[in-house]
Each structure stands twice: as C-alpha cells, then as structure tokens.
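Dumped entry_2.json below, it's JSON, C-alpha atoms:
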[["chain", "number", "residue", "atom", "x", "y", "z"],
["B", 1, "GLN", "CA", 12.93, -13.24, -4.52],
["B", 2, "ARG", "CA", 15.14, -11.45, -7.04],
["B", 3, "ASP", "CA", 12.53, -11.78, -9.77],
["B", 4, "MET", "CA", 9.93, -10.24, -7.47],
["B", 5, "GLU", "CA", 12.23, -7.35, -6.58],
["B", 6, "LYS", "CA", 13.02, -6.78, -10.25],
["B", 7, "ARG", "CA", 9.30, -6.75, -11.10],
["B", 8, "GLU", "CA", 8.60, -4.29, -8.27],
["B", 9, "ARG", "CA", 11.30, -1.95, -9.61],
["B", 10, "GLU", "CA", 9.86, -2.21, -13.12],
["B", 11, "VAL", "CA", 6.35, -1.43, -11.88],
["B", 12, "LEU", "CA", 7.62, 1.55, -9.89],
["B", 13, "ALA", "CA", 9.60, 2.87, -12.86],
["B", 14, "THR", "CA", 6.59, 2.51, -15.17],
["B", 15, "GLY", "CA", 4.31, 4.24, -12.67],
["B", 16, "THR", "CA", 6.76, 7.09, -12.27],
["B", 17, "ARG", "CA", 7.05, 7.49, -16.05],
["B", 18, "VAL", "CA", 3.27, 7.51, -16.51],
["B", 19, "LEU", "CA", 2.70, 9.99, -13.68],
["B", 20, "THR", "CA", 5.42, 12.32, -14.95],
["B", 21, "SER", "CA", 4.04, 12.19, -18.50],
["B", 22, "PHE", "CA", 0.52, 12.79, -17.18],
["B", 23, "ASN", "CA", 1.57, 15.82, -15.12],
["B", 24, "ASN", "CA", 3.51, 17.25, -18.06],
["B", 25, "GLN", "CA", 0.20, 17.47, -19.95],
["B", 26, "SER", "CA", -1.19, 19.97, -17.39],
["B", 27, "PRO", "CA", -4.31, 17.94, -16.60],
["B", 28, "PRO", "CA", -7.45, 19.89, -15.72],
["B", 29, "LYS", "CA", -8.44, 20.05, -12.09],
["B", 30, "ILE", "CA", -11.93, 19.12, -11.00],
["B", 31, "ARG", "CA", -13.38, 21.74, -8.73],
["B", 32, "GLY", "CA", -16.66, 20.10, -7.80],
["B", 33, "GLU", "CA", -18.67, 22.72, -9.67],
["B", 34, "GLY", "CA", -20.80, 22.44, -12.79],
["B", 35, "GLY", "CA", -22.55, 19.19, -12.03],
["B", 36, "PRO", "CA", -22.45, 15.96, -14.03],
["B", 37, "ALA", "CA", -21.81, 17.66, -17.38],
["B", 38, "ALA", "CA", -18.63, 19.30, -16.07],
["B", 39, "ALA", "CA", -17.53, 16.01, -14.52],
["B", 40, "ASP", "CA", -18.03, 14.23, -17.85],
["B", 41, "LEU", "CA", -15.94, 16.84, -19.66],
["B", 42, "TRP", "CA", -13.22, 16.53, -17.03],
["B", 43, "LEU", "CA", -13.20, 12.74, -17.35],
["B", 44, "GLN", "CA", -13.00, 12.95, -21.15],
["B", 45, "ALA", "CA", -10.00, 15.29, -20.87],
["B", 46, "ILE", "CA", -8.27, 12.94, -18.42],
["B", 47, "GLU", "CA", -8.91, 9.91, -20.64],
["B", 48, "LYS", "CA", -7.57, 11.82, -23.65],
["B", 49, "ILE", "CA", -4.34, 12.54, -21.77],
["B", 50, "PHE", "CA", -3.94, 8.88, -20.77],
["B", 51, "GLY", "CA", -4.49, 7.91, -24.41],
["B", 52, "ALA", "CA", -1.89, 10.42, -25.59],
["B", 53, "ILE", "CA", 0.77, 9.13, -23.21],
["B", 54, "ASP", "CA", 0.12, 5.50, -24.21],
["B", 55, "CYS", "CA", -0.97, 4.44, -20.75],
["B", 56, "PRO", "CA", -2.35, 0.88, -20.83],
["B", 57, "GLU", "CA", -5.77, 0.53, -19.19],
["B", 58, "GLU", "CA", -4.44, -1.81, -16.50],
["B", 59, "GLU", "CA", -2.14, 0.97, -15.31]]

Starting from the coordinates I provided, produce the structure as structure tokens.
Amino acid sequence: QRDMEKREREVLATGTRVLTSFNNQSPPKIRGEGGPAAADLWLQAIEKIFGAIDCPEEE
C-alpha cells in the first residue's frame, strides 16, 4: 500500500514537472488550418520541445 502511494506521488510529481517545463517552452497551438503540412510542422515542434525537456517517450 505505502509503496503504491509513494509511486503514485512520484508519477504525479514527474508529470507536473514535465507539463510545467513543456508550458514554459511556449508550445505552438494547432488551429486546424493549413492541412497536413501544417500539422506535421506542429508535431515536429512539439516533439522538439519534448526532446529539449528530456521527456522519456513513455511519459
């Protein structure tokens, strides 16, 4: 029980850290315009941010 609660707190803390770091990078917003090319550019920018903040893929 305690181990599970500790793990839950660790996961929450990690998620909070990653989300805060992500938001501090001023991620681009997708507006649904520009078609697939714009979506690809948006996705590349998002992936670059996750790489810069050392976010593991499983997170």

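When CA of Pro36 in chain B is paired with CA of Phe50 in chain B, their separation reads 20.9 Å.
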
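Summary of the local environment: counting only C-alpha atoms, residues at most 12 Å from Glu57 in chain B, other than itself and those fewer than 4 positions away along its chain, are Val18, Glu47, Phe50, Gly51 and Ile53 of chain B.
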
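Distance check against Ser26 in chain B using all atoms listed in the file: of B:Ala39, B:Ile46, B:Glu8, B:Thr14, the minimum falls on B:Ile46.
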
Record the distance separating CA of Asp40 in chain B and CA of Ser21 in chain B, expressed in Å with one decimal. 22.2 Å

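The gap separating CA of Gly15 in chain B from CA of Arg2 in chain B is 19.9 Å, in Å to one decimal.
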